[in-house]
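*Asks:* Sending over a structure as structure tokens; questions will come in a sec.
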Amino acid sequence: MNTVFVTGAAGFIGSNLVDRLLSTGSSVVGWDNFSTGQSEFLESALTNPRFRLIRGDMLDRSALALAIQGSLHVFHLAANADVRFGTQDPSRDLEQNTVCTHNLLEAMRKNGIRDLTFSSTGSVYGDAVKIPTPEDHPYPIQTSLYGASKSAAEGFIQAYCEGFDFNATIFRFVSILGERYTHGHVLDFYKQLLENPGKLRILGDGNQRKSYLYVQDCVEAMVQVAATKSYGLRTYNLGTAEHCQVLDSVRWICEHLRVQPELEFSGGDRGWVGDSPFIYLDTTRIRETGWAPKLGIQEALLKTLRWLESNQWVLEKR
């Protein structure tokens with residue numbers, strides 16, 4: 001792929017992607033405003049002469065258009081990913097996910113760059129009727145501002161593919177686990193249990209069913225598909241062929257930490273507005289490319305937990 005541009009390069013998934021791209025021999029330009037990204041995640045990349053980091057904001061259209069010059073492929077991972085707090089600042093998802101994606105598309109168009117890989121989300125399906133949910137599932141009512149903003153970003157990408165001959169791959173992720181994980185239920189539960197091993201508060205009733213994917217399996221899928229030249233638009237669900245309940249996660253975490261806390265539930269079938277009670281994606285289409293995840297959900301969760309135990313500085317930054 002030669003020179004690759006990665007937005008959100010200092011983030012959880014972005015930094016792992018940067019390392020993977022560098023391992024293939026690509027030259028990488030990383031872009032991040034460090035609102036949630038961590039400089040520690042790029043320590044290895046910064047020692048590589050084929051990596052260059054630019055500190056910039058996706059809302060700065062002029063700087064973005066300048067930084068992207070000379071790139072042949074763009075991986076767009078920069079986003080606000082805190083689904084849970086979307087209603088506290090309703091404009092944040094619009095600005096950070098939709099407007100920033102449009103700014104990137106314009107920077108690409110003005111520089112003659114047409115190849116894009118975009119990190120979307122299974123949240124675009126809202127409370128899906130069909131489980132496992134395929135890529136051609138009719139869109140229901142959006143249940144989160146995050147899902148709505150990603151759906152709108154996908155719409156702009158689709159329109160640029162039609163109007164300006166862009167070639168784009170959209171990946172709709174389940175929740176991702178693994179090294180450099182910085183937000184989500186594993187971190188929240190771990191932090192609670194460090195502070196009080198005798199009690200654990202769980203949002204919802206604990207029966208929510210979710211699918212998760214190990215971060216290295218995630219970036220492998222993106223790199224593998226991006227290396228296969230195609231024209232127009234491709235959309236893939238990305239996840240494992242399994243799901244678990246939140247209570248399964250609780251059990252695995254407590255067994256690993258050797259604690260038996262009293263469980264306290266907030267109640268209801270979801271933890272917050274936009275928390276779909278059952279997320280499980282049909283991954284037939286991505287598996288037909290030859291990709292398959294190497295780790296299951298429990299293994300990925302325990303790897304995440306062990307990484308958090310060895311990197312407790314992440315807890316202090318939350």
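Residues are referred to by chain and number: the chain letter is A, B, ... according to the order shown in the structure tokens, the number counts from 1 in that chain, and ligands are numbered separately from 1 in the order shown.
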Can you build me a table of region 34-124 of chain A residues sitting at most 10 Å from region 138-151 of chain A, with the closest atom pair per residue and its distance in Å to one decimal, using only C-alpha atoms, sorted by chain and residue number, as a tab-separated table?

*Replies:*
```
residue	atom	partner	partner_atom	distance
A:Ala79	CA	A:Lys150	CA	9.2
A:Asn80	CA	A:Tyr146	CA	7.9
A:Ala81	CA	A:Tyr146	CA	7.2
A:Asp82	CA	A:Tyr146	CA	7.8
A:Val83	CA	A:Tyr146	CA	5.5
A:Arg84	CA	A:Ser144	CA	8.5
A:Phe85	CA	A:Tyr146	CA	9.4
A:Gly86	CA	A:Leu145	CA	5.9
A:Thr87	CA	A:Leu145	CA	7.2
A:Asp89	CA	A:Leu145	CA	9.7
A:Pro90	CA	A:Leu145	CA	7.1
A:Ser91	CA	A:Leu145	CA	8.9
A:Arg92	CA	A:Leu145	CA	9.0
A:Asp93	CA	A:Tyr146	CA	5.6
A:Leu94	CA	A:Ser149	CA	5.5
A:Glu95	CA	A:Ser149	CA	8.6
A:Gln96	CA	A:Ser149	CA	8.7
A:Asn97	CA	A:Ser149	CA	5.8
A:Thr98	CA	A:Ser149	CA	5.4
A:Val99	CA	A:Ser149	CA	8.9
A:Thr101	CA	A:Lys150	CA	9.1
A:Phe118	CA	A:Lys150	CA	10.0
A:Ser119	CA	A:Lys150	CA	8.9
A:Ser120	CA	A:Lys150	CA	6.0
A:Thr121	CA	A:Lys150	CA	7.1
A:Gly122	CA	A:Gly147	CA	7.9
A:Ser123	CA	A:Gly147	CA	4.9
A:Val124	CA	A:Gly147	CA	4.6
```

*Asks:* With C-alpha atoms retained, export the selected residues as an mmCIF file, in the first residue's frame.

*Replies:*
```
data_model
loop_
_atom_site.group_PDB
_atom_site.id
_atom_site.type_symbol
_atom_site.label_atom_id
_atom_site.label_comp_id
_atom_site.auth_asym_id
_atom_site.auth_seq_id
_atom_site.Cartn_x
_atom_site.Cartn_y
_atom_site.Cartn_z
ATOM 1 C CA ALA A 79 -14.080 9.105 16.304
ATOM 2 C CA ASN A 80 -15.932 9.659 19.515
ATOM 3 C CA ALA A 81 -16.659 6.126 20.677
ATOM 4 C CA ASP A 82 -18.359 6.741 24.026
ATOM 5 C CA VAL A 83 -21.861 5.542 23.107
ATOM 6 C CA ARG A 84 -23.037 5.655 26.699
ATOM 7 C CA PHE A 85 -22.644 9.414 27.171
ATOM 8 C CA GLY A 86 -24.018 10.548 23.802
ATOM 9 C CA THR A 87 -27.126 12.224 25.219
ATOM 10 C CA ASP A 89 -23.518 16.243 24.605
ATOM 11 C CA PRO A 90 -25.753 15.669 21.558
ATOM 12 C CA SER A 91 -23.512 17.590 19.140
ATOM 13 C CA ARG A 92 -20.342 15.633 19.922
ATOM 14 C CA ASP A 93 -21.139 12.537 17.842
ATOM 15 C CA LEU A 94 -22.256 14.699 14.929
ATOM 16 C CA GLU A 95 -19.054 16.750 14.954
ATOM 17 C CA GLN A 96 -16.514 14.028 15.764
ATOM 18 C CA ASN A 97 -17.997 11.234 13.656
ATOM 19 C CA THR A 98 -20.043 12.728 10.808
ATOM 20 C CA VAL A 99 -18.548 16.178 10.171
ATOM 21 C CA THR A 101 -15.640 12.086 8.139
ATOM 22 C CA PHE A 118 -13.603 3.175 7.470
ATOM 23 C CA SER A 119 -14.308 1.907 10.973
ATOM 24 C CA SER A 120 -18.062 1.923 11.463
ATOM 25 C CA THR A 121 -20.079 0.017 14.055
ATOM 26 C CA GLY A 122 -22.695 -2.642 14.573
ATOM 27 C CA SER A 123 -24.625 0.067 16.417
ATOM 28 C CA VAL A 124 -25.932 1.288 13.040
#
```

*Asks:* Skipping near chain neighbours, those fewer than 5 positions away, what residues fall within 7 Å of region 154-165 of chain A using only C-alpha atoms, listed as a PyMOL selection string?

*Replies:* chain A and resi 102+232-233

*Asks:* Between A:Met108, A:Leu116, A:Val223, A:Leu247, which one has atoms that come closest to Arg201 (chain A), using only C-alpha atoms?

*Replies:*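 Using only C-alpha atoms, the shortest distance to Arg201 (chain A) belongs to A:Leu247.
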
*Asks:* Can you list, as a PDB file with C-alpha atoms, in the first residue's frame, every residue of region 168-313 of chain A that DSSP puts in strand (DSSP E)?

*Replies:*
```pdb
ATOM      1  CA  ALA A 168     -14.187   2.363   0.145  1.00  0.00           C
ATOM      2  CA  THR A 169     -14.395  -0.517   2.582  1.00  0.00           C
ATOM      3  CA  ILE A 170     -16.711  -0.051   5.563  1.00  0.00           C
ATOM      4  CA  PHE A 171     -16.207  -2.317   8.573  1.00  0.00           C
ATOM      5  CA  ARG A 172     -19.024  -2.549  11.089  1.00  0.00           C
ATOM      6  CA  PHE A 173     -17.353  -3.649  14.312  1.00  0.00           C
ATOM      7  CA  SER A 175     -16.938  -4.139  20.586  1.00  0.00           C
ATOM      8  CA  ILE A 176     -13.175  -4.628  20.417  1.00  0.00           C
ATOM      9  CA  LEU A 177     -11.000  -6.059  23.209  1.00  0.00           C
ATOM     10  CA  LYS A 199     -19.260  -5.043  45.394  1.00  0.00           C
ATOM     11  CA  LEU A 200     -19.798  -4.679  41.654  1.00  0.00           C
ATOM     12  CA  ARG A 201     -22.408  -2.390  40.103  1.00  0.00           C
ATOM     13  CA  ILE A 202     -23.740  -3.566  36.741  1.00  0.00           C
ATOM     14  CA  ARG A 209     -25.969 -10.363  25.051  1.00  0.00           C
ATOM     15  CA  LYS A 210     -22.949  -9.030  23.176  1.00  0.00           C
ATOM     16  CA  TYR A 212     -16.650  -9.025  21.030  1.00  0.00           C
ATOM     17  CA  LEU A 213     -13.523  -9.267  18.876  1.00  0.00           C
ATOM     18  CA  TYR A 214      -9.804  -9.308  19.717  1.00  0.00           C
ATOM     19  CA  LEU A 233     -18.008   0.132  -2.057  1.00  0.00           C
ATOM     20  CA  ARG A 234     -17.587  -2.939   0.152  1.00  0.00           C
ATOM     21  CA  THR A 235     -19.232  -3.395   3.553  1.00  0.00           C
ATOM     22  CA  TYR A 236     -18.292  -6.075   6.087  1.00  0.00           C
ATOM     23  CA  ASN A 237     -19.498  -6.956   9.546  1.00  0.00           C
ATOM     24  CA  LEU A 238     -16.563  -7.758  11.803  1.00  0.00           C
ATOM     25  CA  CYS A 244     -21.936 -13.902  25.630  1.00  0.00           C
ATOM     26  CA  GLN A 245     -23.990 -12.320  28.377  1.00  0.00           C
ATOM     27  CA  GLU A 262     -22.050  -8.778  45.733  1.00  0.00           C
ATOM     28  CA  LEU A 263     -23.674  -7.859  42.402  1.00  0.00           C
ATOM     29  CA  GLU A 264     -25.822  -4.748  42.255  1.00  0.00           C
ATOM     30  CA  PHE A 265     -27.950  -4.107  39.136  1.00  0.00           C
TER      31      PHE A 265
END
```

*Asks:* For a quick check of understanding, using only C-alpha atoms, which of A:Trp307, A:Tyr181, A:Phe189, A:Phe34 has the smallest distance to Thr7 (chain A)?

*Replies:*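 Distance minimum relative to Thr7 (chain A) lands on A:Phe34.
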
*Asks:* CA of Thr47 (chain A) and CA of His73 (chain A) are how many Å apart?

*Replies:*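 Interatomic distance here is 22.2 Å.
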
*Asks:* Counting only C-alpha atoms, which residue out of A:Val215, A:Leu187, A:Ile279, A:Leu194 sits closest to Leu305 (chain A)?

*Replies:*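 Using only C-alpha atoms, Leu305 (chain A) sits closest to A:Leu187.
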
*Asks:* Which residues of region 88-151 of chain A sit at most 10 Å from region 281-287 of chain A, using only C-alpha atoms? Give each one's shortest atom pair and distance in Å (one decimal place), in chain and ascending residue order, as a tab-separated table.

*Replies:*
```
residue	atom	partner	partner_atom	distance
A:Gly122	CA	A:Leu281	CA	7.3
A:Tyr125	CA	A:Leu281	CA	9.6
A:Ala128	CA	A:Leu281	CA	9.6
A:Lys130	CA	A:Leu281	CA	9.3
A:Ile131	CA	A:Leu281	CA	7.0
A:Pro132	CA	A:Asp282	CA	4.7
A:Thr133	CA	A:Leu281	CA	4.5
A:Pro134	CA	A:Asp282	CA	4.9
A:Glu135	CA	A:Asp282	CA	7.6
```

*Asks:* Smallest atom-to-atom distance to Pro49 (chain A): which of A:Ser62, A:Ser15, A:Ser27, A:Ser35, using only C-alpha atoms?

*Replies:* A:Ser27

*Asks:* Neighbouring residues of Asp248 (chain A) were defined as those with any atom within 10 Å, considering only C-alpha atoms; residues of the same chain fewer than 6 positions away were excluded. Please report them as a ChimeraX atom specification.

*Replies:* /A:206-207,209,254,298

*Asks:* Rounded to one decimal, what separation in Å do you get between CA of Pro277 (chain A) and CA of His185 (chain A)?

*Replies:*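 Computing it gives 14.4 Å between the two atoms.
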